[in-house]
Structures are given as C-alpha cells and as structure tokens.
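Peer 1: The structure's right below; bear with me while I get my questions together.
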Amino acid sequence: MKLEIRDKHLSVVRSEGYVPGVIYGHDIEPTKIKVNSKELKNSYVEKGLTMSFETNLNGKTHTVFFKEIQKDVFNQNNILHFDLMKVSSTDLMRASIPIHLYGKDIIDKKNLVVQFLSNTLEYEFPVNKGISSVNVDISQLEVDDSVIASDLDLPKGFVLKEDPNKIVLNITYPTQENETVEEDGQTSNEDISVEENKITK
C-alpha cells in the first residue's frame with residue numbers, strides 16, 4: 001500500500017478519491033498521510049486489525065498495522081479516516097480476533113442451533129504472526145456441548161488475554177424464541193464508528 005503526504009483539507013482529500021490518515025510509532029514522527037480509497041479498502045479487507053504489512057512512504061518501507069479505522073455509521077463501506085502504527089520486529093500486538101466456524105452445516109442437519117456467546121477473543125501475539133480469524137470445527141459437537149476459550153487451537157506465540165473458561169458457544173435445540181447473539185465490537189459516536197487494537201512492548 002502506497003502512502004502519500006497529506007497537505008490539503010480533509011474534504012479536499014476525500015473529494016480527490018483518497019482517505020486521510022496518520023502514521024506514527026516506532027522511529028517515526030506522527031505524519032499526516034493519504035491513501036487511494038480503493039487501495040486502502042483492499043488492504044483493510046485483507047489485513048483487518050490483526051495483521052501487519054509493509055507500506056511505502058517517500059521511498060522508505062515501513063512495517064505497520066491498522067491501529068484504528070473510522071467508518072461512516074450509515075455506510076460501513078465508507079472509511080473516513082485511519083491510523084497506521086509503525087512497529088518493530090520485537091513488538092507485540094493485542095487484538096480481538098474473530099472466530100470462524102466450520103461444520104455448521106452438519107449442526108443444521110442435526111436440527112440443532114449454535115448459540116454464539118462471543119464472536120471474538122482477545123490475544124497478544126508477535127506483530128508478524130497475525131491471523132485473520134480463529135477457526136473452530138464444530139461438526140462433531142452434540143446438543144449441550146460447549147466450546148470455551150482454552151479449547152481453541154492457535155499458532156505458537158499467541159497468548160489468550162481473557163478468561164480461559166469463557167464460553168464461546170453452546171449447542172442447543174431450537175426454540176420458538178431462539179435469538180442470535182450479535183456483538184459487532186464497534187463503538188459508535190454520532191455518524192462515526194471506530195475499530196481499533198493495541199500494541200505492547
């Protein structure tokens with residue numbers, strides 16, 4: 001992803017097809033930047049808030065991750081602003097990683113229901129080891145079975161930062177008033193929603 005120095009008003013930057021942002025962190029002064037809107041969206045879809053990547057600014061390569069993304073509440077495809085955190089190879093990221101289920105079709109065929117109690121879990125991990133999701137195979141589960149946080153298999157170097165006994169999901173029989181629990185993990189402020197993560201040393 002190519003970064004460019006930003007020297008115009010935010011409204012002008014957006015009208016020219018760019019998204020305004022800022023880069024800061026390891027061995028770099030906070031710098032106002034802009035990125036082509038389409039290129040930024042592609043990078044965000046691929047990397048999310050959990051994976052580091054390389055970017056270029058003024059001919060120099062930097063390893064960064066999306067520290068914060070601000071979206072239009074009324075159009076979640078519209079990114080209004082972004083923060084990039086530059087990191088070193090020894091830094092650790094801390095982020096909420098989405099949980100992705102495999103085998104739900106098998107559960108459906110059994111006429112059972114997946115009760116999702118937590119669709120993300122918070123982990124700490126090396127910056128170059130980020131993953132887009134935690135995969136959970138539920139195909140062998142039966143009614144009244146549960147999955148807790150410590151049941152999930154993760155790459156080496158990942159440390160769970162939540163209660164290991166936290167229940168992620170239950171398998172139940174369907175009911176007339178069965179409701180799906182949804183947690184989007186976003187904080188809204190009027191017409192802006194913010195997604196962010198953390199970094200530790």
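Chains: A, B, ... in order of the structure tokens. Residues: from 1 per chain. Ligands: from 1, in order shown.
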Please report, as a Markdown table, each residue of segment 99-154 of chain A lying at most 8 Å from segment 83-93 of chain A, together with the nearest pair of atoms and the separation in Å rounded to one decimal; use only C-alpha atoms, and order rows by chain and ascending residue number.

Peer 2:
```
| residue | atom | partner | partner_atom | distance |
| --- | --- | --- | --- | --- |
| A:Glu124 | CA | A:Met93 | CA | 5.5 |
| A:Phe125 | CA | A:Leu92 | CA | 5.4 |
| A:Pro126 | CA | A:Leu92 | CA | 4.5 |
| A:Val127 | CA | A:Leu92 | CA | 5.4 |
| A:Asn128 | CA | A:Ser89 | CA | 7.2 |
```

Peer 1: Print the selection's residues with N, CA and C atoms to a file, as a CSV table (one decimal), in the first residue's frame.

Peer 2:
```
chain,number,residue,atom,x,y,z
A,124,GLU,N,-2.7,-11.7,22.5
A,124,GLU,CA,-1.4,-11.0,22.3
A,124,GLU,C,-0.5,-11.9,21.5
A,125,PHE,N,0.2,-11.3,20.5
A,125,PHE,CA,1.0,-12.1,19.6
A,125,PHE,C,2.0,-11.2,18.9
A,126,PRO,N,3.1,-11.8,18.4
A,126,PRO,CA,4.1,-11.1,17.6
A,126,PRO,C,3.5,-10.4,16.4
A,127,VAL,N,4.0,-9.2,16.1
A,127,VAL,CA,3.4,-8.4,15.0
A,127,VAL,C,3.4,-9.1,13.7
A,128,ASN,N,4.4,-10.0,13.4
A,128,ASN,CA,4.5,-10.7,12.1
A,128,ASN,C,3.7,-12.0,12.1
```

Peer 1: For segment 54-62 of chain A, please output as a list in words all residues within 7 Å (counting only C-alpha atoms; exclusion window: fewer than 6 positions along the same chain).

Peer 2: Met1, Lys2, Leu3, Glu4 and Lys86 of chain A

Peer 1: Name the residues in contact with Asn135 of chain A at a cut-off of 7 Å, using only C-alpha atoms, excluding same-chain residues fewer than 6 positions from it; report them as a list in words.

Peer 2: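 My list of contacting residues is Ile99, His100 and Leu101 of chain A.
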
Peer 1: Which residue, A:Gly157, A:Pro174, A:Phe66, A:Asp151, has the smallest gap to Lys110 of chain A when you use only C-alpha atoms?

Peer 2: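 Among the listed residues, A:Pro174 lies closest to Lys110 of chain A.
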
Peer 1: Pick the closest to Asp145 of chain A from A:Leu160, A:Ala95, A:Ile167, A:Ile5: which is it, counting only C-alpha atoms?

Peer 2: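 Checking each of A:Leu160, A:Ala95, A:Ile167, A:Ile5 against Asp145 of chain A, counting only C-alpha atoms, the winner is A:Ile167.
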
Peer 1: Leaving out segment 48-50 of chain A and any residue of its chain fewer than 5 positions from it, which residues lie within 7 Å of it when counting only C-alpha atoms, given as a VMD selection string?

Peer 2: chain A and resid 65 to 67 95 97 130 to 132 196 to 197

Peer 1: Give me the residues near Ile171 of chain A as a list in words, where near means some atom within 7 Å (using only C-alpha atoms) and where sequence neighbours in that chain fewer than 2 positions away do not count.

Peer 2: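 Near neighbours after the sequence-gap exclusion: Leu112, Val113, Val114, Gln115, Glu142, Val143, Asp144, Asp145, Ser146 and Leu169 of chain A.
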
Peer 1: Write out, as an mmCIF file, in the first residue's frame, the residues just selected, with C-alpha atoms.

Peer 2:
```
data_model
loop_
_atom_site.group_PDB
_atom_site.id
_atom_site.type_symbol
_atom_site.label_atom_id
_atom_site.label_comp_id
_atom_site.auth_asym_id
_atom_site.auth_seq_id
_atom_site.Cartn_x
_atom_site.Cartn_y
_atom_site.Cartn_z
ATOM 1 C CA LEU A 112 -29.519 -28.117 16.337
ATOM 2 C CA VAL A 113 -28.655 -24.475 16.948
ATOM 3 C CA VAL A 114 -25.332 -22.760 17.565
ATOM 4 C CA GLN A 115 -25.668 -20.216 20.358
ATOM 5 C CA GLU A 142 -23.813 -32.565 20.013
ATOM 6 C CA VAL A 143 -26.615 -30.931 21.993
ATOM 7 C CA ASP A 144 -25.449 -29.346 25.294
ATOM 8 C CA ASP A 145 -21.818 -29.335 24.147
ATOM 9 C CA SER A 146 -19.877 -26.109 24.683
ATOM 10 C CA LEU A 169 -20.601 -21.112 22.070
#
```

Peer 1: Find the distance between atom CA of Lys32 of chain A and atom CA of Pro20 of chain A and write it in Å to one decimal.

Peer 2: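 Computed distance, atom CA of Lys32 of chain A to atom CA of Pro20 of chain A, equals 7.6 Å.
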
Peer 1: When you draw a straight line from atom CA of Ser150 of chain A to atom CA of Asn165 of chain A, how long is it in Å?

Peer 2: 6.5 Å

Peer 1: Could you pull out all residues of segment 41-172 of chain A with a DSSP call of helix (DSSP H, G or I) and give them as a list in words?

Peer 2: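 So the helix (DSSP H, G or I) residues in segment 41-172 of chain A would be Lys41, Asn42, Ser43, Tyr44, Val45, Glu46, Lys47, Lys104, Asp105, Ile106, Ile107, Asp108, Lys109, Val127, Asn128, Lys129, Ala149, Ser150 and Asp151 of chain A.
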
Peer 1: Could you give me the residues within chain A that DSSP places in strand (DSSP E), as number ranges by chain?

Peer 2: A: 2-5, 18-25, 28-36, 53-57, 60-72, 75-86, 92-102, 113-116, 120-126, 134-137, 146-148, 159-160, 167-172, 187-189, 192-196, 198-200

Peer 1: Nearest to Lys71 of chain A among A:Leu121, A:Val12, A:Val19, A:Ile148, with distances taken over only C-alpha atoms: which residue is it?

Peer 2: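 Once distances to Lys71 of chain A are computed over only C-alpha atoms, the minimum belongs to A:Val19.
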